[in-house]
Amino acid sequence: MDQIHHALLATLSPNQAEREAAEGALKALAGTPGYLSTLFGLVSSAEAKPEVRQAGAILFKNLVVKHWENKPAADPSKQDPDDLIFAEEDKQNIRQHLLESLVNAVPQTRPQIVECVRRIAGADYPAKLPNFLQQIASWLEPSHSPHQLFAAALALRALVKNYEYKSQERRLPLNDIMALTFPRLVHLMEATLSAPPADEAAAETMKVVIKTLHSCIHQSVPLYMQSGDVFMTWMGLLYRAIERPVPPEVAGGEGQDP
């Protein structure tokens, strides 16, 4: 991990030669077993410098987006030389710690980690992530810490976003996802609505929950939401969110010239 940490730090150097050398070193390491999971661990490490975590998160996201789904070609001679094939052991280690990575994320790394969760879930759920949904649902229980609740909400949002623009037939898994998690989201919404209007953490969590609902229903309304009681419960929550007082420090700028 120290080698990767030093290389990432060097990529931020004002010295061009030092930056290029560090980037070359990271590229040379990229295909080696253990590299991806070590990078993933560094991004989540509170001991790493914030700027290094951010640089690592960007690199990790780019690797996941470009190479996560790559598989060895049946004929090695036809394998694209630019393709990286990550060891299944590395990938499994990352799958097992997706929620923890969201808990440990800082504002500088959170967007990249959320996108990685979305990409990995899109490729591997449910076949290689059979317990992912149950883990999210478990972490949405009120007994968990605010950080865990927020991480679970982010993970659920990432998961359902993969179905956002699918055909109606391919959106069918949303019924089971919503049936397991949305009763818990109701309690989470109630908690955020009970928090003071100036509570930024509660407002952020509420925003994630509402975005999750939007991803599930804006193309078509899944069968789960067609229940009258369920639908009216959520409309009531949205109405209360709309009617929620605007914090004075935000409202004070309304109507003023920029």
# chains A, B, ... in the order shown; residues from 1 in each chain; ligands from 1
call {"tool": "residues_around", "arguments": {"residues": "Ser194 (chain A)", "least_positions_apart": "2", "cutoff": "12 Å", "atoms": "only C-alpha atoms", "output": "PyMOL selection string"}}
result
chain A and resi 187-192+196-199+202-203+206+237+240-241+244-245
call {"tool": "write_last_selection", "arguments": {"atoms": "C-alpha atoms", "output": "JSON list (two decimals), in the first residue's frame"}}
result
[["chain", "number", "residue", "atom", "x", "y", "z"],
["A", 187, "HIS", "CA", -38.81, 5.18, 8.60],
["A", 188, "LEU", "CA", -35.67, 6.91, 7.35],
["A", 189, "MET", "CA", -37.73, 9.63, 5.68],
["A", 190, "GLU", "CA", -39.74, 10.10, 8.88],
["A", 191, "ALA", "CA", -36.50, 10.55, 10.80],
["A", 192, "THR", "CA", -35.13, 13.13, 8.36],
["A", 196, "PRO", "CA", -34.31, 20.43, 12.36],
["A", 197, "PRO", "CA", -34.50, 22.10, 8.93],
["A", 198, "ALA", "CA", -30.88, 23.26, 9.28],
["A", 199, "ASP", "CA", -29.61, 19.67, 9.75],
["A", 202, "ALA", "CA", -30.64, 14.85, 7.37],
["A", 203, "ALA", "CA", -31.32, 16.97, 4.29],
["A", 206, "MET", "CA", -33.60, 12.90, 2.39],
["A", 237, "LEU", "CA", -43.87, 12.06, 2.71],
["A", 240, "ARG", "CA", -44.16, 17.05, 3.90],
["A", 241, "ALA", "CA", -40.73, 17.43, 2.28],
["A", 244, "ARG", "CA", -40.61, 21.71, 5.04],
["A", 245, "PRO", "CA", -39.35, 25.15, 6.22]]
call {"tool": "residues_around", "arguments": {"residues": "Gln219 (chain A)", "least_positions_apart": "3", "cutoff": "12 Å", "atoms": "only C-alpha atoms", "output": "list in words"}}
result
Lys161, Tyr163, Glu164, Tyr165, Lys166, Ser167, Gln168, Glu169, Arg170, Arg171, Leu213, His214, Ser215, Cys216 and Pro222 of chain A
call {"tool": "closest_residue", "arguments": {"among": "A:Ala73, A:Leu149, A:Leu9, A:Ala123", "to": "Gln135 (chain A)", "atoms": "only C-alpha atoms"}}
result
A:Leu149
call {"tool": "residues_around", "arguments": {"residues": "Leu185 (chain A)", "least_positions_apart": "4", "cutoff": "9 Å", "atoms": "only C-alpha atoms", "output": "MDAnalysis selection string"}}
result
chainID A and resid 140:141 153 181 189:190 209
call {"tool": "closest_residue", "arguments": {"among": "A:Trp139, A:Phe231, A:Phe182, A:Tyr125", "to": "Ala158 (chain A)", "atoms": "only C-alpha atoms"}}
result
A:Tyr125
